[in-house]
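Chemist: Dropping in data-v3.cif, with mmCIF, C-alpha atoms.
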data_target
loop_
_atom_site.group_PDB
_atom_site.id
_atom_site.type_symbol
_atom_site.label_atom_id
_atom_site.label_comp_id
_atom_site.auth_asym_id
_atom_site.auth_seq_id
_atom_site.Cartn_x
_atom_site.Cartn_y
_atom_site.Cartn_z
ATOM 1 C CA MET A 176 0.000 0.000 0.000
ATOM 2 C CA ASN A 177 1.496 3.345 -1.072
ATOM 3 C CA SER A 178 1.761 6.418 1.172
ATOM 4 C CA ILE A 179 -1.216 8.173 -0.435
ATOM 5 C CA SER A 180 -3.463 5.173 0.226
ATOM 6 C CA MET A 181 -2.239 4.990 3.821
ATOM 7 C CA LYS A 182 -3.053 8.670 4.419
ATOM 8 C CA ARG A 183 -6.511 8.164 2.962
ATOM 9 C CA LEU A 184 -7.064 5.131 5.180
ATOM 10 C CA TRP A 185 -6.007 7.036 8.306
ATOM 11 C CA LYS A 186 -8.361 9.864 7.343
ATOM 12 C CA ILE A 187 -11.259 7.439 6.905
ATOM 13 C CA LEU A 188 -10.514 5.810 10.257
ATOM 14 C CA LEU A 189 -10.083 9.042 12.222
ATOM 15 C CA ILE A 190 -12.572 11.495 10.740
ATOM 16 C CA GLY A 191 -15.623 9.810 12.243
ATOM 17 C CA PRO A 192 -14.385 9.725 15.855
ATOM 18 C CA LEU A 193 -12.912 13.222 15.574
ATOM 19 C CA THR A 194 -16.161 14.620 14.185
ATOM 20 C CA ALA A 195 -18.101 13.005 17.029
ATOM 21 C CA ALA A 196 -15.661 14.431 19.578
ATOM 22 C CA MET A 197 -15.952 17.917 18.086
ATOM 23 C CA ARG A 198 -19.740 17.721 18.233
ATOM 24 C CA LEU A 199 -19.721 16.595 21.852
ATOM 25 C CA THR A 200 -17.305 19.311 22.934
ATOM 26 C CA ARG A 201 -18.637 22.152 20.776
ATOM 27 C CA ASN A 202 -20.264 24.100 23.614
ATOM 28 C CA LEU A 203 -17.248 23.646 25.869
ATOM 29 C CA ARG A 204 -14.841 24.754 23.131
ATOM 30 C CA GLU A 205 -16.984 27.808 22.362
ATOM 31 C CA SER A 206 -17.124 28.769 26.043
ATOM 32 C CA LEU A 207 -13.346 28.447 26.392
ATOM 33 C CA HIS A 208 -12.827 30.441 23.197
ATOM 34 C CA ARG A 209 -14.989 33.289 24.509
ATOM 35 C CA LEU A 210 -13.303 33.177 27.905
ATOM 36 C CA VAL A 211 -9.831 33.513 26.353
ATOM 37 C CA ALA A 212 -11.023 36.269 23.988
ATOM 38 C CA HIS A 213 -12.523 38.191 26.929
ATOM 39 C CA ALA A 214 -9.332 37.867 28.959
ATOM 40 C CA CYS A 215 -7.147 39.001 26.035
ATOM 41 C CA LEU A 216 -9.300 42.069 25.389
ATOM 42 C CA SER A 217 -9.493 42.875 29.096
ATOM 43 C CA GLY A 218 -5.724 42.790 29.339
ATOM 44 C CA ASP A 219 -5.399 45.396 26.586
ATOM 45 C CA LEU A 220 -7.814 47.959 28.087
ATOM 46 C CA SER A 221 -7.167 50.722 30.604
ATOM 47 C CA TYR A 222 -10.630 50.252 32.123
ATOM 48 C CA PRO A 223 -12.066 47.022 33.597
ATOM 49 C CA LEU A 224 -14.054 44.934 31.119
ATOM 50 C CA PRO A 225 -17.360 43.803 32.670
ATOM 51 C CA VAL A 226 -17.798 40.049 33.024
ATOM 52 C CA SER A 227 -21.192 40.380 31.305
ATOM 53 C CA VAL A 228 -19.553 41.462 28.024
ATOM 54 C CA VAL A 229 -19.533 38.641 25.463
ATOM 55 C CA VAL A 230 -16.416 38.598 23.262
ATOM 56 C CA ARG A 231 -16.913 36.193 20.346
ATOM 57 C CA GLY A 232 -13.337 36.205 19.070
ATOM 58 C CA LYS A 233 -10.014 37.975 18.756
ATOM 59 C CA SER A 234 -10.109 41.775 19.120
ATOM 60 C CA TYR A 235 -7.263 44.119 18.225
ATOM 61 C CA VAL A 236 -6.387 47.083 20.444
ATOM 62 C CA ASP A 237 -3.871 49.734 19.375
ATOM 63 C CA GLY A 238 -2.643 52.864 21.122
ATOM 64 C CA SER A 239 -3.462 53.833 24.690
ATOM 65 C CA GLY A 240 -6.211 51.280 25.382
ATOM 66 C CA ASN A 241 -8.359 54.116 26.742
ATOM 67 C CA ILE A 242 -11.593 52.260 26.058
ATOM 68 C CA LEU A 243 -14.656 51.928 28.289
ATOM 69 C CA ILE A 244 -17.207 49.197 27.519
ATOM 70 C CA GLY A 245 -20.575 48.904 29.276
ATOM 71 C CA GLU A 246 -22.437 45.898 30.605
ATOM 72 C CA ASN A 247 -23.852 43.181 28.321
ATOM 73 C CA ALA A 248 -22.124 44.376 25.158
ATOM 74 C CA LEU A 249 -21.698 41.776 22.402
ATOM 75 C CA LEU A 250 -18.456 42.009 20.430
ATOM 76 C CA TYR A 251 -17.779 39.813 17.410
ATOM 77 C CA SER A 252 -14.347 38.777 16.160
ATOM 78 C CA GLY A 253 -12.009 41.024 14.214
ATOM 79 C CA LEU A 254 -12.980 44.192 16.100
ATOM 80 C CA HIS A 255 -10.270 46.871 15.836
ATOM 81 C CA LEU A 256 -10.148 49.525 18.570
ATOM 82 C CA GLU A 257 -7.589 52.318 18.586
ATOM 83 C CA THR A 258 -7.139 55.370 20.810
ATOM 84 C CA GLN A 259 -4.372 57.925 20.753
ATOM 85 C CA GLY A 260 -3.387 60.437 23.427
ATOM 86 C CA ASN A 261 -6.217 61.258 25.831
ATOM 87 C CA ALA A 262 -8.963 60.181 23.441
ATOM 88 C CA LEU A 263 -11.617 57.846 24.867
ATOM 89 C CA ILE A 264 -13.826 55.295 23.140
ATOM 90 C CA ASN A 265 -16.937 54.964 25.308
ATOM 91 C CA ILE A 266 -19.170 52.035 24.292
ATOM 92 C CA GLY A 267 -22.503 51.892 26.122
ATOM 93 C CA SER A 268 -24.304 48.959 27.675
ATOM 94 C CA GLY A 269 -25.980 46.444 25.396
ATOM 95 C CA VAL A 270 -24.122 47.597 22.280
ATOM 96 C CA VAL A 271 -23.652 44.979 19.542
ATOM 97 C CA ILE A 272 -20.594 45.343 17.295
ATOM 98 C CA ALA A 273 -20.327 42.905 14.407
ATOM 99 C CA ARG A 274 -17.298 41.319 12.781
ATOM 100 C CA GLY A 275 -14.460 43.453 11.424
ATOM 101 C CA VAL A 276 -15.603 46.868 12.698
ATOM 102 C CA HIS A 277 -12.921 49.576 13.038
ATOM 103 C CA ILE A 278 -13.293 52.291 15.695
ATOM 104 C CA VAL A 279 -10.439 54.807 15.839
ATOM 105 C CA ALA A 280 -10.397 57.802 18.206
ATOM 106 C CA MET A 281 -7.913 60.650 18.373
ATOM 107 C CA SER A 282 -10.384 63.055 19.978
ATOM 108 C CA GLY A 283 -13.190 60.891 21.352
ATOM 109 C CA ILE A 284 -16.003 58.563 20.284
ATOM 110 C CA THR A 285 -19.184 57.830 22.246
ATOM 111 C CA ILE A 286 -21.593 55.032 21.282
ATOM 112 C CA GLY A 287 -24.910 55.026 23.127
ATOM 113 C CA ALA A 288 -26.540 52.082 24.857
ATOM 114 C CA GLY A 289 -28.303 49.509 22.686
ATOM 115 C CA THR A 290 -26.713 50.616 19.422
ATOM 116 C CA MET A 291 -25.992 47.961 16.772
ATOM 117 C CA ILE A 292 -23.081 48.290 14.325
ATOM 118 C CA GLY A 293 -22.930 46.065 11.248
ATOM 119 C CA GLU A 294 -19.986 44.188 9.774
ATOM 120 C CA TYR A 295 -16.932 46.109 8.581
ATOM 121 C CA ALA A 296 -18.259 49.534 9.531
ATOM 122 C CA SER A 297 -15.660 52.254 10.131
ATOM 123 C CA ILE A 298 -15.983 54.978 12.774
ATOM 124 C CA ARG A 299 -13.020 57.374 12.774
ATOM 125 C CA ASP A 300 -12.920 60.795 14.374
ATOM 126 C CA ALA A 301 -9.853 62.106 12.482
ATOM 127 C CA ASN A 302 -8.942 62.965 8.901
ATOM 128 C CA HIS A 303 -5.492 63.423 7.396
ATOM 129 C CA HIS A 304 -4.749 66.816 5.903
ATOM 130 C CA ARG A 305 -2.279 67.804 3.222
ATOM 131 C CA GLU A 306 0.638 70.181 3.527
ATOM 132 C CA LEU A 307 2.711 71.386 0.610
ATOM 133 C CA GLY A 308 5.989 69.497 0.403
ATOM 134 C CA VAL A 309 5.099 67.080 3.198
ATOM 135 C CA ALA A 310 4.164 63.438 2.703
ATOM 136 C CA ILE A 311 0.555 62.801 3.717
ATOM 137 C CA ARG A 312 1.634 60.332 6.416
ATOM 138 C CA ASP A 313 3.655 63.120 8.073
ATOM 139 C CA ALA A 314 1.215 65.993 7.559
ATOM 140 C CA GLY A 315 -0.840 65.353 10.674
ATOM 141 C CA HIS A 316 -4.584 65.152 11.081
ATOM 142 C CA VAL A 317 -7.631 67.038 12.283
ATOM 143 C CA ALA A 318 -9.770 65.254 14.894
ATOM 144 C CA ARG A 319 -13.323 66.055 16.030
ATOM 145 C CA GLN A 320 -15.402 63.968 18.407
ATOM 146 C CA ILE A 321 -18.086 61.582 17.184
ATOM 147 C CA GLU A 322 -21.271 61.065 19.204
ATOM 148 C CA ILE A 323 -23.613 58.188 18.380
ATOM 149 C CA GLY A 324 -26.871 58.069 20.324
ATOM 150 C CA ARG A 325 -28.836 55.260 21.897
ATOM 151 C CA GLU A 326 -30.483 52.457 19.898
ATOM 152 C CA VAL A 327 -28.855 53.556 16.641
ATOM 153 C CA TRP A 328 -28.729 50.962 13.848
ATOM 154 C CA ILE A 329 -25.617 51.282 11.688
ATOM 155 C CA GLY A 330 -25.603 48.985 8.658
ATOM 156 C CA ARG A 331 -22.839 46.890 7.146
ATOM 157 C CA GLY A 332 -19.912 48.790 5.643
ATOM 158 C CA VAL A 333 -20.968 52.242 6.892
ATOM 159 C CA SER A 334 -18.313 54.942 7.346
ATOM 160 C CA VAL A 335 -18.911 57.564 10.035
ATOM 161 C CA LEU A 336 -16.563 60.537 9.649
ATOM 162 C CA SER A 337 -15.166 63.024 12.151
ATOM 163 C CA GLY A 338 -17.363 65.529 13.958
ATOM 164 C CA VAL A 339 -20.606 63.674 13.245
ATOM 165 C CA ARG A 340 -23.450 63.412 15.763
ATOM 166 C CA ILE A 341 -26.078 60.714 15.216
ATOM 167 C CA GLY A 342 -29.287 61.035 17.204
ATOM 168 C CA ASP A 343 -31.070 58.342 19.175
ATOM 169 C CA LYS A 344 -32.814 55.573 17.185
ATOM 170 C CA ALA A 345 -31.478 56.741 13.827
ATOM 171 C CA THR A 346 -30.874 54.146 11.104
ATOM 172 C CA ILE A 347 -27.887 54.278 8.738
ATOM 173 C CA GLY A 348 -28.237 52.205 5.553
ATOM 174 C CA ALA A 349 -25.535 49.767 4.478
ATOM 175 C CA ASN A 350 -22.399 51.258 2.869
ATOM 176 C CA ALA A 351 -23.457 54.840 3.617
ATOM 177 C CA VAL A 352 -20.831 57.514 4.263
ATOM 178 C CA VAL A 353 -22.001 59.779 7.085
ATOM 179 C CA THR A 354 -20.449 63.220 6.697
ATOM 180 C CA HIS A 355 -23.039 65.369 8.517
ATOM 181 C CA ASN A 356 -25.165 65.131 11.653
ATOM 182 C CA VAL A 357 -28.139 62.768 11.611
ATOM 183 C CA GLU A 358 -31.296 63.709 13.490
ATOM 184 C CA ALA A 359 -32.835 61.415 16.082
ATOM 185 C CA GLY A 360 -35.142 58.856 14.459
ATOM 186 C CA ALA A 361 -33.990 59.636 10.908
ATOM 187 C CA ILE A 362 -33.249 56.992 8.279
ATOM 188 C CA VAL A 363 -30.337 57.919 6.020
ATOM 189 C CA ALA A 364 -28.475 56.180 3.205
ATOM 190 C CA GLY A 365 -26.110 56.876 0.329
ATOM 191 C CA VAL A 366 -22.766 58.549 -0.351
ATOM 192 C CA PRO A 367 -22.893 61.006 1.258
ATOM 193 C CA ALA A 368 -25.721 59.845 3.503
ATOM 194 C CA VAL A 369 -28.989 61.775 3.088
ATOM 195 C CA PRO A 370 -32.372 61.353 4.812
ATOM 196 C CA ILE A 371 -34.827 58.880 3.310
ATOM 197 C CA ARG A 372 -37.686 59.257 5.776
ATOM 198 C CA SER A 373 -38.439 59.559 9.468
ATOM 199 C CA ALA A 374 -38.197 56.465 11.604
ATOM 200 C CA ILE A 375 -41.766 57.121 12.756
ATOM 201 C CA THR A 376 -42.725 54.553 10.103
ATOM 202 C CA GLN A 377 -39.880 52.171 10.954
ATOM 203 C CA ASN A 378 -42.169 49.598 12.502
ATOM 204 C CA ARG A 379 -43.607 48.947 9.032
ATOM 205 C CA VAL A 380 -40.167 48.379 7.432
#
Can the structure in the file be given as C-alpha cells, please?

Modeler:
Amino acid sequence: MNSISMKRLWKILLIGPLTAAMRLTRNLRESLHRLVAHACLSGDLSYPLPVSVVVRGKSYVDGSGNILIGENALLYSGLHLETQGNALINIGSGVVIARGVHIVAMSGITIGAGTMIGEYASIRDANHHRELGVAIRDAGHVARQIEIGREVWIGRGVSVLSGVRIGDKATIGANAVVTHNVEAGAIVAGVPAVPIRSAITQNRV
C-alpha cells in the first residue's frame, strides 16, 4: 500500500471519531474560546471589562487602550479599537458590534446604549490633511469627536466621519458615508448619507 493510500485510510478511520468528539465538545470549546477572547481584550484595556460582556473572538487594540465598555455588550471577532493620546472610546451597555468593525479615536467617540453596528463599519474621528511638500503620512490630522446616540442601527460597511453626531434611534443604511449630523429617528443612506424618511414609520419596514 502506497503512502497516499495509507493517508486516505487514516483519514477514513479518524474522521468519524474526531467529528463526534468535536460535536460533543462544541459548547465547551466555544465557552473556552470566549473566555480567552474576553481575557485578552481585558488585558489590553485601561478600564475594567465587565464580566457580562460577550467577546466572540479575537479583538485588536492599538494605542493607549483608553476604552470603556458597558455591561452586556456583544463584540464579534475582528474588532479593531484604537485610541491615541487622551482620546476615549466609550461604548454603552448592550451595544452589539459585528465582525471586522474599526473604531479609531484621536479626539473621542461615544456610542450610546443599545446601538448595533454592522460588519466592517468604520468609525473614525480624524482625517489626514495635506501640507505642501510634506508626505501625507507626516502631515498630521484634524480630529473632532463623534457622538452616536442610543439604539442607533448602523448597517454593514458604513463609514462615520469626524465631527458627526447621530441622534437616538437613527438608522444608517448599508455602505453609507455619514459626513453630517443625523437627526434622532432619521433613516439615512447613500454617499454622502442623506435622509430617506423619518423612523416614525420604521415599525412597518

Chemist: Need to verify the contact set: Arg325 (chain A), 7 Å, only C-alpha atoms, exclusion of same-chain residues closer than 5 positions in sequence. Can you return it as a count of residues only?

Modeler: 6

Chemist: With the file shown as input, list the residues that the PyMOL selection byres ((chain A and resi 212) around 12) selects, as a VMD selection string.

Modeler: chain A and resid 205 to 211 213 to 219 224 226 228 to 235 250 to 254

Chemist: Export, as a PDB file, in the frame of the given file, the selected residues with C-alpha atoms.

Modeler:
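The result, written out as part-v4.pdb:
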ATOM      1  CA  GLU A 205     -16.984  27.808  22.362  1.00  0.00           C
ATOM      2  CA  SER A 206     -17.124  28.769  26.043  1.00  0.00           C
ATOM      3  CA  LEU A 207     -13.346  28.447  26.392  1.00  0.00           C
ATOM      4  CA  HIS A 208     -12.827  30.441  23.197  1.00  0.00           C
ATOM      5  CA  ARG A 209     -14.989  33.289  24.509  1.00  0.00           C
ATOM      6  CA  LEU A 210     -13.303  33.177  27.905  1.00  0.00           C
ATOM      7  CA  VAL A 211      -9.831  33.513  26.353  1.00  0.00           C
ATOM      8  CA  HIS A 213     -12.523  38.191  26.929  1.00  0.00           C
ATOM      9  CA  ALA A 214      -9.332  37.867  28.959  1.00  0.00           C
ATOM     10  CA  CYS A 215      -7.147  39.001  26.035  1.00  0.00           C
ATOM     11  CA  LEU A 216      -9.300  42.069  25.389  1.00  0.00           C
ATOM     12  CA  SER A 217      -9.493  42.875  29.096  1.00  0.00           C
ATOM     13  CA  GLY A 218      -5.724  42.790  29.339  1.00  0.00           C
ATOM     14  CA  ASP A 219      -5.399  45.396  26.586  1.00  0.00           C
ATOM     15  CA  LEU A 224     -14.054  44.934  31.119  1.00  0.00           C
ATOM     16  CA  VAL A 226     -17.798  40.049  33.024  1.00  0.00           C
ATOM     17  CA  VAL A 228     -19.553  41.462  28.024  1.00  0.00           C
ATOM     18  CA  VAL A 229     -19.533  38.641  25.463  1.00  0.00           C
ATOM     19  CA  VAL A 230     -16.416  38.598  23.262  1.00  0.00           C
ATOM     20  CA  ARG A 231     -16.913  36.193  20.346  1.00  0.00           C
ATOM     21  CA  GLY A 232     -13.337  36.205  19.070  1.00  0.00           C
ATOM     22  CA  LYS A 233     -10.014  37.975  18.756  1.00  0.00           C
ATOM     23  CA  SER A 234     -10.109  41.775  19.120  1.00  0.00           C
ATOM     24  CA  TYR A 235      -7.263  44.119  18.225  1.00  0.00           C
ATOM     25  CA  LEU A 250     -18.456  42.009  20.430  1.00  0.00           C
ATOM     26  CA  TYR A 251     -17.779  39.813  17.410  1.00  0.00           C
ATOM     27  CA  SER A 252     -14.347  38.777  16.160  1.00  0.00           C
ATOM     28  CA  GLY A 253     -12.009  41.024  14.214  1.00  0.00           C
ATOM     29  CA  LEU A 254     -12.980  44.192  16.100  1.00  0.00           C
TER      30      LEU A 254
END

Chemist: Here's the selection I'm unsure about, the PyMOL selection byres ((chain A and resi 246) around 10); applied to the file above, which residues does it give, as a list in words?

Modeler: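 Applied to this file, the PyMOL selection byres ((chain A and resi 246) around 10) selects Leu224, Pro225, Val226, Ser227, Val228, Val229, Ile244, Gly245, Asn247, Ala248, Leu249, Ile266, Gly267, Ser268, Gly269, Val270 and Ala288 of chain A.
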
Chemist: With distances taken over only C-alpha atoms, which residue among A:His255, A:Arg305, A:Arg331, A:His316 lies nearest Ile292 (chain A)?

Modeler: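 Selected residue with least distance to Ile292 (chain A): A:Arg331.
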
Chemist: Name the residues in contact with His355 (chain A) at a cut-off of 12 Å, using all atoms listed in the file, excluding same-chain residues fewer than 6 positions from it; report them as a PyMOL selection string.

Modeler: chain A and resi 321-322+334-342+363-364+366-370

Chemist: For a cutoff of 8 Å around the file-coordinate point (-18.2, 54.5, 11.7), which residues qualify once you count all atoms listed in the file? I'd like the result as a ChimeraX atom specification.

Modeler: /A:277-278,296-299,333-336,353

Chemist: Would you pick out the contacts of Asn302 (chain A) at 7 Å or less, using only C-alpha atoms, so that residues sharing its chain but fewer than 2 positions from it are not included, and give the list as a compact mmCIF listing (two decimals) with C-alpha atoms, in the frame of the given file?

Modeler:
# COMPACT_ATOMS: atom_id res chain seq x y z
CA HIS A 304 -4.75 66.82 5.90
CA HIS A 316 -4.58 65.15 11.08
CA VAL A 317 -7.63 67.04 12.28
CA ALA A 318 -9.77 65.25 14.89

Chemist: What separation in Å, quoted to one decimal, exists between CA of Glu294 (chain A) and CA of Ile362 (chain A)?

Modeler: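 These two atoms are separated by 18.5 Å.
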
Chemist: Between A:Ile329, A:Ala310, A:Leu184, A:Ala273, single out the one closest to Tyr295 (chain A), counting all atoms listed in the file.

Modeler: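 Ranking A:Ile329, A:Ala310, A:Leu184, A:Ala273 by distance to Tyr295 (chain A), first place goes to A:Ala273.
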
Chemist: Find the distance between CA of Gln320 (chain A) and CA of His303 (chain A) and write it in Å to one decimal.

Modeler: 14.8 Å

Chemist: Between CA of Arg198 (chain A) and CA of Trp185 (chain A), what is the spacing in Å?

Modeler: 20.0 Å

Chemist: Which residues are near Gly293 (chain A)? Cut-off 10 Å, only C-alpha atoms, ignore same chain within fewer than 6 positions. Put them as JSON, numbers by chain.

Modeler: {"A": [271, 272, 273, 274, 275, 276, 328, 329, 330, 331, 332, 333, 347, 348, 349, 350]}

Chemist: Would you give the centre and edge lengths, in Å to one decimal, of a box along x, y and z around the listed atoms of region 277-294 of chain A, with 4 Å added to each side, as lines of an AutoDock Vina configuration file?

Modeler:
center_x = -18.1
center_y = 53.6
center_z = 17.3
size_x = 28.4
size_y = 26.9
size_z = 23.1

Chemist: Rank nothing, just name the residue among A:Asp237, A:Ile242, A:Asp300, A:Gly191 nearest to Thr354 (chain A), using all atoms listed in the file.

Modeler: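 Checking each candidate against Thr354 (chain A), we get A:Asp300 as the closest.
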
Chemist: Missing atoms in region 180-195 of chain A should be modelled up to N, CA and C atoms and reported as a PDB file, in the coordinates of the input.

Modeler:
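Once everything was written out, this is out16.pdb:
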ATOM      1  N   SER A 180      -2.388   6.055  -0.236  1.00  0.00           N
ATOM      2  CA  SER A 180      -3.463   5.173   0.226  1.00  0.00           C
ATOM      3  C   SER A 180      -3.490   5.076   1.738  1.00  0.00           C
ATOM      4  N   MET A 181      -2.307   5.038   2.369  1.00  0.00           N
ATOM      5  CA  MET A 181      -2.239   4.990   3.821  1.00  0.00           C
ATOM      6  C   MET A 181      -2.829   6.240   4.460  1.00  0.00           C
ATOM      7  N   LYS A 182      -2.505   7.416   3.900  1.00  0.00           N
ATOM      8  CA  LYS A 182      -3.053   8.670   4.419  1.00  0.00           C
ATOM      9  C   LYS A 182      -4.569   8.694   4.304  1.00  0.00           C
ATOM     10  N   ARG A 183      -5.060   8.193   3.163  1.00  0.00           N
ATOM     11  CA  ARG A 183      -6.511   8.164   2.962  1.00  0.00           C
ATOM     12  C   ARG A 183      -7.172   7.220   3.965  1.00  0.00           C
ATOM     13  N   LEU A 184      -6.530   6.089   4.223  1.00  0.00           N
ATOM     14  CA  LEU A 184      -7.064   5.131   5.180  1.00  0.00           C
ATOM     15  C   LEU A 184      -7.113   5.725   6.588  1.00  0.00           C
ATOM     16  N   TRP A 185      -6.036   6.395   6.993  1.00  0.00           N
ATOM     17  CA  TRP A 185      -6.007   7.036   8.306  1.00  0.00           C
ATOM     18  C   TRP A 185      -7.107   8.099   8.419  1.00  0.00           C
ATOM     19  N   LYS A 186      -7.315   8.836   7.332  1.00  0.00           N
ATOM     20  CA  LYS A 186      -8.361   9.864   7.343  1.00  0.00           C
ATOM     21  C   LYS A 186      -9.727   9.228   7.535  1.00  0.00           C
ATOM     22  N   ILE A 187      -9.973   8.136   6.806  1.00  0.00           N
ATOM     23  CA  ILE A 187     -11.259   7.439   6.905  1.00  0.00           C
ATOM     24  C   ILE A 187     -11.478   6.922   8.317  1.00  0.00           C
ATOM     25  N   LEU A 188     -10.401   6.394   8.927  1.00  0.00           N
ATOM     26  CA  LEU A 188     -10.514   5.810  10.257  1.00  0.00           C
ATOM     27  C   LEU A 188     -10.711   6.864  11.350  1.00  0.00           C
ATOM     28  N   LEU A 189     -10.098   8.038  11.160  1.00  0.00           N
ATOM     29  CA  LEU A 189     -10.083   9.042  12.222  1.00  0.00           C
ATOM     30  C   LEU A 189     -11.183  10.088  12.118  1.00  0.00           C
ATOM     31  N   ILE A 190     -11.664  10.346  10.899  1.00  0.00           N
ATOM     32  CA  ILE A 190     -12.572  11.495  10.740  1.00  0.00           C
ATOM     33  C   ILE A 190     -13.888  11.296  11.473  1.00  0.00           C
ATOM     34  N   GLY A 191     -14.369  10.063  11.527  1.00  0.00           N
ATOM     35  CA  GLY A 191     -15.623   9.810  12.243  1.00  0.00           C
ATOM     36  C   GLY A 191     -15.514  10.089  13.731  1.00  0.00           C
ATOM     37  N   PRO A 192     -14.546   9.450  14.420  1.00  0.00           N
ATOM     38  CA  PRO A 192     -14.385   9.725  15.855  1.00  0.00           C
ATOM     39  C   PRO A 192     -14.069  11.183  16.166  1.00  0.00           C
ATOM     40  N   LEU A 193     -13.237  11.813  15.328  1.00  0.00           N
ATOM     41  CA  LEU A 193     -12.912  13.222  15.574  1.00  0.00           C
ATOM     42  C   LEU A 193     -14.127  14.120  15.406  1.00  0.00           C
ATOM     43  N   THR A 194     -14.938  13.847  14.393  1.00  0.00           N
ATOM     44  CA  THR A 194     -16.161  14.620  14.185  1.00  0.00           C
ATOM     45  C   THR A 194     -17.099  14.470  15.378  1.00  0.00           C
ATOM     46  N   ALA A 195     -17.244  13.246  15.861  1.00  0.00           N
ATOM     47  CA  ALA A 195     -18.101  13.005  17.029  1.00  0.00           C
ATOM     48  C   ALA A 195     -17.579  13.745  18.250  1.00  0.00           C
TER      49      ALA A 195
END
